[in-house]
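See below for the structure under consideration.
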Amino acid sequence: MRPILHRILALTVKELLALLRDAASRAVLIGPPIIQMLVFGYAATFDLKHVPFAVYNQDRGRLSRDFIARFEGSPSFSLLRVVHNQNELGQAIDDKSVLMAMDIGPTFTSDIERGRTTHVQLILDGRDSNTAALAMGYAQSIVTTFNQTQISIQGGTLPSTVLLDRAWFNPNLDSRWFIVPGICGILTLLVSMLTTGLSVAREREMGTFDQLLVTPLHPTEILLGKSLPGFIVGFAEGSFIILVSVFWFHVPFTGSVLGLYLGLFCFLLATVGIGLMMSSLAVTQQQGLLGVFLFMVPAIVLSGFATPIANMPQIVQYITLLDPLRYFLIVLRGSFLEGAGVSLFWPQYWPLAVIGVVSMIVAGRLFRRRLS
Amino acid sequence: MDAVAVGNLSKSFGKGTAHRDALKNISLEIPAGSMTALIGPDGAGKTTLLRLLAGILTPSAGAIRVLDHPLPKEALALQRQIGYMPQRFGLYEDLTVEENLSLFADLHSIPHEKREHRFAGLLTMTALGPFRKRLAGQLSGGMKQKLGLACTLIHPPELLLLDEASVGVDPISRRELWSIIQQQVAGQKVTVLLSTAYMDEAERCDHVILLHEGEILAQGNPAQLAASFEGRAFVLENVPTAPRNLQAQIAQLPGVVDTVIQGDGLRIVMQQAEPPALPQKLTLYGTPKPVPARLEDAFVSLLFSRTTRHPIPLPPQRDIAGDDTAVVAVKDLFRYFGAFAAVKNVSFSVRKGEIFGLLGANGAGKSTTFRMLCGLLPSSSGTLRVAGVDLRTAPAAARARIGYVSQKFSLYGALSVQQNLSFFSAAYGLENPRKQDRMAWALEELELKDYAKMNAGELPLGYKQRLALACALMHEPSILFLDEPTSGVDPLARREFWARVNALAESGVTCLVTTHFMEEAEYCDHLLLMSLGEVLAQGTPSEIKAKARSKAHPTPSMEDAFISLIEEHEQASRRAS
Amino acid sequence: MKTMRLTGLMRKEVYEIVRDPSSIAIAFVLPLVLLLIFGYGVSLDARRILMAEVVDHPTQLTASFLAELQRSPWFRPTIYPDQASAEQALMAGRANAILWLRSDFTRQAYSAGSAPIHLTVNGVDANQARLIENYVNVSWLLWLQQEATGQGAHLETPVAADARVWFNPALRSRDYLVPGLIAIVMTLIGALLTALVVAREWERGTMEGIMVTPVAKTEILSGKLIPYFAMGMGGMILSTAMAVFLFGVPLHGSLLVLFGTAALFLLTALGMGLVISVLARSQFVAAMIAIVTTFLPAFILSGFIFDIRSMPQPIQLLTHIVAARYFVTILQSAFLAGDVWPVLLRNVFGMGVLCALFLGIALLRFRKRLD
């Protein structure tokens with residue numbers, strides 16, 4: 001057993017040295033993930049800030065001014081332009097200078113004072129449907145608060161209820177808390193796949209593969225030697241990114257470290273296994289890259305990183321069951337925000353482990369078949 | 001008029017610690033219509049000079065004028081008039097022979113009506129006519145080089161620059177390449193400047209320039225260069241087959257610059273024009289006779305004083321008589337790729353401590369046979385025993401008995417020399433303290449100490465070769481496979497390499513070698529000549545040469561023998577089909 | 001520029017494309033797969049919110065409120081017996097939100113105090129959480145009005161905000177995601193393909209052979225650009241056809257504008273690929289740079305999913321060098337709104353600047369030299 005470990009260790013060290021001594025591959029492995037973490041950490045947010053809007057106010061009363069002030073006072077909106085006819089309002093939407101346009105009729109104040117419903121037109125730019133939907137929601141809730149104030153002033157009756165919102169785990173609904181752990185997962189996936197997915201093809205192209213095969217190394221040892229660097233690099237970069245999330249982006253970490261790392265281990269098992277599968281199949285680096293790419297893009301899109309899996313059609317939801325990132329994102333978000341621990345994560349651990357073990361076995365088979 | 005005029009040319013690469021002078025203050029002229037060879041050890045600056053003359057490098061200092069174009073200013077204008085064939089001519093492997101030619105015809109703006117005529121001429125000259133529609137990627141090594149040359153000649157150039165055009169090419173293709181080049185010189189009055197590691201090629205040129213560490217060490221007519229060393233070359237005749245021990249002893253005598261095995265004789269080059277003083281016990285071989293000097297003698301002598309060479313001692317003489325154990329045994333070996341038989345019915349055996357040479361044209365099945373022996377490729381049928389087992393099916397540990405040096409450089413370029421050694425010793429299961437001992441041995445014996453921390457990929461070619469040998473020897477294998485180990489290596493480095501192989505063989509290591517250098521074939525104890533996947537002849541070098549003896553060639557050289565035997569076989573099999 | 005040399009180089013490129021299936025895979029299979037996955041897989045509409053409902057003391061009033069929620073297309077309600085079990089469901093991910101009406105809900109509603117409706121959402125996915133809050137809010141307002149009219153009382157909501165969403169009234173996220181996606185796919189085709197093919201020529205040594213022929217560097221670069229441009233436009237036609245015929249995204253703008261801007265964008269992407277290949281001479285490094293600088297930025301910084309206006313100022317500035325940013329905007333306008341010239345001109349200008357920048361750098365930095 002000792003000689004085997006000795007040989008695998010030597011292979012791992014060789015693999016890491018080959019990756020890290022080459023300036024270009026070192027730069028590519030270390031630089032971009034850090035930069036991307038920082039840039040995307042700031043960029044990826046669903047929270048609306050300063051949505052520009054235009055107003056056409058035909059009313060001269062006090063209430064319409066109060067109404068508009070409420071929008072202006074909200075951090076989500078900022079008044080860009082006051083226009084003087086409906087044409088301009090449409091124009092502003094058309095040329096995308098504002099996302100929302102508000103048309104307030106001449107009887108706004110008088111209607112409310114007489115207890116009649118007054119109609120305010122909100123026009124949203126549907127080309128950005130997501131932002132439009134969010135902005136519409138924000139606007140509705142501003143209108144609702146305005147209405148509540150008006151009703152209480154007018155002494156409205158029957159039936160009096162209030163809606164009390166409360167958000168668990170993320171009381172201020174800061175979407176960065178949701179996105180940043182997701183980016184941890186994406187970058188760990190990227191790094192570990194690239195480390196393992198191209199390694200065999202690169203040796204084949206450089207001609208070192210034959211040199212390796214004439215040594216007494218067993219194919220299984222070679223495969224293990226190829227997979228350990230993926231683990232090591234994945235663990236190192238994963239940990240680094242987790243630290244950045246906690247100390248730089250101040251995403252609270254409420255769960256258990258053990259639970260998270262158990263998840264990271266199972267996740268790396270799966271990604272390294274799939275990477276090795278690509279590696280065993282690819283003859284050239286270009287093919288390896290294409291393989292890694294064709295796997296990675298859908299894996300990110302279907303993971304629930306940006307869009308909930310529950311929204312996807314049923315058949316696509318079944319496909320996501322094969323996506324390791326899907327499970328790891330749950331572990332990440334659970335560990336960071338929900339305070340969940342090992343016991344809650346079993347449903348995520350075992351599929352990852354199964355994907356990992358199956359892909360490793362398949363990779364081993366493919367690898368040996370390629371050799372003969 | 002001079003086709004090339006270079007004055008005080010310098011070229012350096014890199015900055016700071018990586019700074020390296022490739023050419024130092026060189027001046028030279030090449031007369032139009034002449035043929036000039038650039039020779040010199042690896043890293044002498046040959047390729048850099050050719051690239052500068054082709055206008056694809058900018059000089060650091062000095063002036064270049066090629067065909068009356070000052071460079072690098074008029075590079076584009078110059079490139080209409082020259083042909084340049086880089087060391088690794090990049091053919092488009094996904095394009096057919098004809099499409100490759102058309103591409104270069106387009107690039108040189110050759111009118112369509114003139115093309116057919118030109119193509120036909122080039123295809124006849126290169127004998128590639130039957131392969132017009134074949135993808136370039138599917139051609140053999142020799143055919144690729146010929147196609148590369150054809151692409152370079154598509155627009156009749158005034159100046160032809162060739163960078164080691166014949167590296168890795170078998171003797172037949174090499175001869176064909178040369179006849180094409182000479183036709184150009186004779187018929188079209190083309191000026192040719194070529195770099196080469198083959199001294200016989202340099203001898204055929206009008207002018208030779210010897211570069212060393214970026215400087216011109218000597219230049220002149222090859223015959224004149226050789227003549228200046230007249231009286232220093234001697235031959236000891238009728239020595240026993242593969243007289244490695246004798247060679248090693250003479251090499252250590254005072255005043256000896258060079259010794260090489262040549263047929264039945266041993267060629268000795270002295271520092272001064274006086275015969276070697278053979279010690280008493282060697283006088284039984286007679287006295288060395290003076291022979292005319294060659295360019296190679298001049299090359300070795302000129303570099304002798306400038307390079308530090310350490311003699312490689314041979315181990316004490318072994319008693320090999322009676323040791324008839326077949327270490328490698330191959331019987332009825334076949335290998336098919338689809339319907340194509342790459343290796344047909346090959347049988348041979350190799351005895352312990354032998355140097356066994358595998359010869360053949362490009363694509364004759366040598367490498368395939370080698371890969372099967374090393375367990376890299378399964379055989380289609382037949383038996384195959386290396387050290388008593390088939391490496392394909394034997395447990396992995398059995399591979400610890402062999403060492404393998406492959407055709408291309410195949411070590412980890414991003415790892416340092418030391419890290420490569422450390423990795424391969426661990427891969428072969430060496431543990432401390434033996435690992436430490438062997439690594440110290442390798443750095444010491446193969447003189448890699450100064451380069452221990454350098455990345456393997458940045459080593460000069462000769463040192464890469466040494467490192468490859470060191471890695472294959474870490475575990476002290478009993479059988480060593482060497483696949484074209486000296487391809488592209490200069491004569492000095494080749495001598496040193498062979499001295500090491502000789503020492504290994506003497507200590508009982510069995511060595512299997514493939515090579516395209518026919519003089520290296522002479523160093524072997526036993527040869528196997530392959531053609532079109534079949535065994536054509538086997539025996540000692542003298543026996544092989546004897547097979548090719550004819551009225552026209554009463555004393556054929558190994559190259560003559562190789563060419564005549566293979567051409568005969570190829571013609572016979574063509575007739576048969 | 002000499003046509004014969006250029007056509008020669010282009011013909012060579014076409015042969016290579018035809019004989020190496022992996023470039024065809026990048027140009028046509030990649031868009032196909034990506035569009036299918038995105039088109040079917042990505043939807044930002046929270047359409048199936050799992051709502052846990054806990055009603056301590058059911059009355060007619062609570063029933064009418066729950067009925068109103070039931071009418072909303074967004075919720076899938078499940079009744080839980082008590083708050084504790086509902087919270088468990090929320091923890092385990094079986095519910096996205098809990099709606100809790102306490103035992104004294106009805107009493108409080110008709111007496112002096114306001115009866116609280118407790119809504120607890122899982123805030124991990126902040127975006128979804130906010131949507132849930134809004135949907136509940138809307139239902140609640142509707143219910144209030146209904147209750148008032150039902151009881152004969154006169155409750156007029158003071159302000160009714162009639163929101164109208166132009167260009168995409170149903171707010172189908174697919175309609176705006178698919179056009180945005182085309183921009184991402186085109187970035188990939190353009191940059192990845194050119195970066196790889198030029199690096200390959202360096203690695204295989206074919207570039208050295210080409211360089212010593214009398215070709216001009218503009219010819220070498222155009223010889224690469226034109227065939228891959230044609231291939232990229234093929235990918236664009238495929239993507240547009242899929243968007244319109246498969247996903248039913250309306251195309252209001254003119255085809256001329258659509259393909260004209262696509263051509264400009266493709267040139268920009270190809271230019272970026274050329275710049276990468278000039279910087280990196282190995283396929284491995286070129287591909288890494290291409291992936292790192294194309295796909296993820298196009299995904300995250302183009303405004304395709306995340307709104308650029310909400311990003312911090314420095315990052316907003318950074319998005320200006322992401323070509324996809326301009327093309328995403330153009331495509332969303334061209335598909336959903338039509339040819340809106342102010343939008344077009346602004347973004348075409350941005351793209352044009354980038355295009356000139358990339359092609360300029362490629363032209364300047366690419367030398368017919370090895371050093």
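The chains in the structure tokens are called A, B, ... from first to last as shown; in each chain the residues are counted from 1, and the ligands are counted from 1 in the order shown.
Contact shell of Ala505 (chain B) at 10 Å (only C-alpha atoms; same-chain neighbours under 2 positions omitted): B:Arg244, B:Leu314, B:Pro315, B:Lys352, B:Gly353, B:Glu354, B:Ile355, B:Ser478, B:Ile479, B:Leu480, B:Ala499, B:Arg500, B:Val501, B:Asn502, B:Ala503, B:Ser507, B:Gly508, B:Val509, B:Thr510, B:Cys511.
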N, CA and C atoms of the current selection, written as a PDB file, in the first residue's frame:
ATOM      1  N   ARG B 244      33.516  -1.379 -29.177  1.00  0.00           N
ATOM      2  CA  ARG B 244      33.249  -0.267 -28.293  1.00  0.00           C
ATOM      3  C   ARG B 244      34.350  -0.034 -27.279  1.00  0.00           C
ATOM      4  N   LEU B 314      34.202   3.521 -19.789  1.00  0.00           N
ATOM      5  CA  LEU B 314      33.456   2.281 -19.977  1.00  0.00           C
ATOM      6  C   LEU B 314      33.635   1.428 -18.734  1.00  0.00           C
ATOM      7  N   PRO B 315      32.644   0.678 -18.382  1.00  0.00           N
ATOM      8  CA  PRO B 315      32.809  -0.235 -17.242  1.00  0.00           C
ATOM      9  C   PRO B 315      33.828  -1.326 -17.625  1.00  0.00           C
ATOM     10  N   LYS B 352      21.131 -10.387 -24.475  1.00  0.00           N
ATOM     11  CA  LYS B 352      21.458  -9.492 -23.352  1.00  0.00           C
ATOM     12  C   LYS B 352      22.724  -8.688 -23.659  1.00  0.00           C
ATOM     13  N   GLY B 353      22.685  -7.410 -23.341  1.00  0.00           N
ATOM     14  CA  GLY B 353      23.873  -6.575 -23.494  1.00  0.00           C
ATOM     15  C   GLY B 353      24.168  -6.152 -24.915  1.00  0.00           C
ATOM     16  N   GLU B 354      23.234  -6.436 -25.845  1.00  0.00           N
ATOM     17  CA  GLU B 354      23.433  -6.079 -27.247  1.00  0.00           C
ATOM     18  C   GLU B 354      22.942  -4.666 -27.525  1.00  0.00           C
ATOM     19  N   ILE B 355      23.534  -4.009 -28.520  1.00  0.00           N
ATOM     20  CA  ILE B 355      22.893  -2.813 -29.072  1.00  0.00           C
ATOM     21  C   ILE B 355      22.244  -3.257 -30.363  1.00  0.00           C
ATOM     22  N   SER B 478      17.014  -2.987 -17.197  1.00  0.00           N
ATOM     23  CA  SER B 478      17.924  -3.907 -17.878  1.00  0.00           C
ATOM     24  C   SER B 478      17.750  -3.807 -19.385  1.00  0.00           C
ATOM     25  N   ILE B 479      16.631  -3.182 -19.840  1.00  0.00           N
ATOM     26  CA  ILE B 479      16.422  -3.017 -21.273  1.00  0.00           C
ATOM     27  C   ILE B 479      16.080  -1.541 -21.540  1.00  0.00           C
ATOM     28  N   LEU B 480      16.693  -0.986 -22.573  1.00  0.00           N
ATOM     29  CA  LEU B 480      16.483   0.428 -22.871  1.00  0.00           C
ATOM     30  C   LEU B 480      15.969   0.568 -24.301  1.00  0.00           C
ATOM     31  N   ALA B 499      28.429   7.504 -26.673  1.00  0.00           N
ATOM     32  CA  ALA B 499      29.398   7.045 -25.693  1.00  0.00           C
ATOM     33  C   ALA B 499      28.675   6.521 -24.453  1.00  0.00           C
ATOM     34  N   ARG B 500      27.582   7.216 -24.081  1.00  0.00           N
ATOM     35  CA  ARG B 500      26.822   6.761 -22.926  1.00  0.00           C
ATOM     36  C   ARG B 500      26.107   5.448 -23.202  1.00  0.00           C
ATOM     37  N   VAL B 501      25.523   5.359 -24.397  1.00  0.00           N
ATOM     38  CA  VAL B 501      24.822   4.124 -24.742  1.00  0.00           C
ATOM     39  C   VAL B 501      25.820   2.968 -24.766  1.00  0.00           C
ATOM     40  N   ASN B 502      27.000   3.203 -25.315  1.00  0.00           N
ATOM     41  CA  ASN B 502      28.034   2.171 -25.334  1.00  0.00           C
ATOM     42  C   ASN B 502      28.367   1.707 -23.931  1.00  0.00           C
ATOM     43  N   ALA B 503      28.543   2.697 -23.033  1.00  0.00           N
ATOM     44  CA  ALA B 503      28.888   2.359 -21.658  1.00  0.00           C
ATOM     45  C   ALA B 503      27.789   1.511 -21.024  1.00  0.00           C
ATOM     46  N   SER B 507      27.893  -2.445 -19.718  1.00  0.00           N
ATOM     47  CA  SER B 507      27.578  -2.861 -18.351  1.00  0.00           C
ATOM     48  C   SER B 507      26.427  -3.868 -18.328  1.00  0.00           C
ATOM     49  N   GLY B 508      25.968  -4.284 -19.505  1.00  0.00           N
ATOM     50  CA  GLY B 508      24.982  -5.359 -19.552  1.00  0.00           C
ATOM     51  C   GLY B 508      23.566  -4.931 -19.851  1.00  0.00           C
ATOM     52  N   VAL B 509      23.357  -3.637 -20.120  1.00  0.00           N
ATOM     53  CA  VAL B 509      22.006  -3.184 -20.461  1.00  0.00           C
ATOM     54  C   VAL B 509      21.760  -3.455 -21.947  1.00  0.00           C
ATOM     55  N   THR B 510      20.624  -4.059 -22.246  1.00  0.00           N
ATOM     56  CA  THR B 510      20.276  -4.313 -23.636  1.00  0.00           C
ATOM     57  C   THR B 510      19.657  -3.045 -24.213  1.00  0.00           C
ATOM     58  N   CYS B 511      20.143  -2.592 -25.375  1.00  0.00           N
ATOM     59  CA  CYS B 511      19.626  -1.352 -25.950  1.00  0.00           C
ATOM     60  C   CYS B 511      19.004  -1.596 -27.316  1.00  0.00           C
TER      61      CYS B 511
END
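Residues surrounding Phe335 (chain C) within 8 Å are Pro179, Val249, Pro250, Leu251, His252 and Gly253 of chain C [only C-alpha atoms; sequence separation below 5 positions excluded].
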Output file for the selection above: N, CA, C and O atoms, as a compact mmCIF listing (two decimals), in the first residue's frame:
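Okay, part_35.txt is ready:
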# COMPACT_ATOMS: atom_id res chain seq x y z
N PRO C 179 -33.91 36.75 -26.81
CA PRO C 179 -33.08 37.70 -27.57
C PRO C 179 -31.74 37.97 -26.88
O PRO C 179 -30.70 38.03 -27.52
N VAL C 249 -41.18 34.12 -29.97
CA VAL C 249 -40.86 35.49 -29.57
C VAL C 249 -41.25 36.39 -30.75
O VAL C 249 -40.86 36.12 -31.88
N PRO C 250 -42.04 37.43 -30.49
CA PRO C 250 -42.42 38.30 -31.61
C PRO C 250 -41.21 39.07 -32.14
O PRO C 250 -40.32 39.42 -31.37
N LEU C 251 -41.19 39.28 -33.43
CA LEU C 251 -40.10 40.07 -34.01
C LEU C 251 -40.73 41.31 -34.63
O LEU C 251 -41.30 41.26 -35.70
N HIS C 252 -40.62 42.43 -33.90
CA HIS C 252 -41.26 43.66 -34.38
C HIS C 252 -40.36 44.47 -35.28
O HIS C 252 -40.81 45.20 -36.13
N GLY C 253 -39.07 44.38 -35.06
CA GLY C 253 -38.14 45.19 -35.84
C GLY C 253 -37.94 44.61 -37.23
O GLY C 253 -38.45 43.53 -37.55
Point to revise | Selected residue, from B:Leu359, B:Ala414, B:Met35, B:Ile110, that lies nearest to chain A when counting only C-alpha atoms | key: B:Ala414
Practice item. Find the residues of chain C in contact range of chain A, meaning any atom within 6 Å when counting only C-alpha atoms, and list them as a PyMOL selection string. Key: chain C and resi 41+44+109-110+114-127+134+156-168+171+173+176+306+310-311+332+342-343
Shell of 7 Å around Ser531 (chain B), only C-alpha atoms, local chain residues under 6 positions omitted, as a PDB file with all heavy atoms, in the first residue's frame:
ATOM      1  N   GLY B 360      14.820   1.519 -41.162  1.00  0.00           N
ATOM      2  CA  GLY B 360      13.734   1.442 -42.135  1.00  0.00           C
ATOM      3  C   GLY B 360      13.337   2.825 -42.566  1.00  0.00           C
ATOM      4  O   GLY B 360      13.674   3.815 -41.916  1.00  0.00           O
ATOM      5  N   ALA B 361      12.617   2.898 -43.700  1.00  0.00           N
ATOM      6  CA  ALA B 361      12.160   4.188 -44.192  1.00  0.00           C
ATOM      7  C   ALA B 361      11.068   4.719 -43.260  1.00  0.00           C
ATOM      8  O   ALA B 361      10.561   3.999 -42.404  1.00  0.00           O
ATOM      9  CB  ALA B 361      11.621   4.033 -45.609  1.00  0.00           C
ATOM     10  N   ALA B 364       7.886   2.500 -42.185  1.00  0.00           N
ATOM     11  CA  ALA B 364       8.169   1.089 -42.455  1.00  0.00           C
ATOM     12  C   ALA B 364       7.649   0.192 -41.341  1.00  0.00           C
ATOM     13  O   ALA B 364       7.639  -1.023 -41.491  1.00  0.00           O
ATOM     14  CB  ALA B 364       9.668   0.886 -42.630  1.00  0.00           C
ATOM     15  N   ILE B 566      16.240  -1.303 -49.806  1.00  0.00           N
ATOM     16  CA  ILE B 566      14.845  -0.891 -49.649  1.00  0.00           C
ATOM     17  C   ILE B 566      14.199  -0.586 -50.994  1.00  0.00           C
ATOM     18  O   ILE B 566      13.060  -0.986 -51.249  1.00  0.00           O
ATOM     19  CB  ILE B 566      14.750   0.292 -48.672  1.00  0.00           C
ATOM     20  CG1 ILE B 566      14.956  -0.251 -47.265  1.00  0.00           C
ATOM     21  CG2 ILE B 566      13.410   1.008 -48.784  1.00  0.00           C
ATOM     22  CD1 ILE B 566      14.856   0.727 -46.175  1.00  0.00           C
TER      23      ILE B 566
END
Practice item. Considering only C-alpha atoms, return as a count of residues only whatever protein or nucleic-acid residues lie within 8 Å of region 348-359 of chain C, sequence-local ones (same chain, fewer than 4 positions apart) excluded. Key: 17
**Study point:** Check: which chain B residues lie within 10 Å of chain C using only C-alpha atoms, as an NGL selection string
**Key:** :B and (13-14 or 51-52 or 54-59 or 72 or 75-96 or 99-100 or 102-112 or 148 or 151-152 or 155)
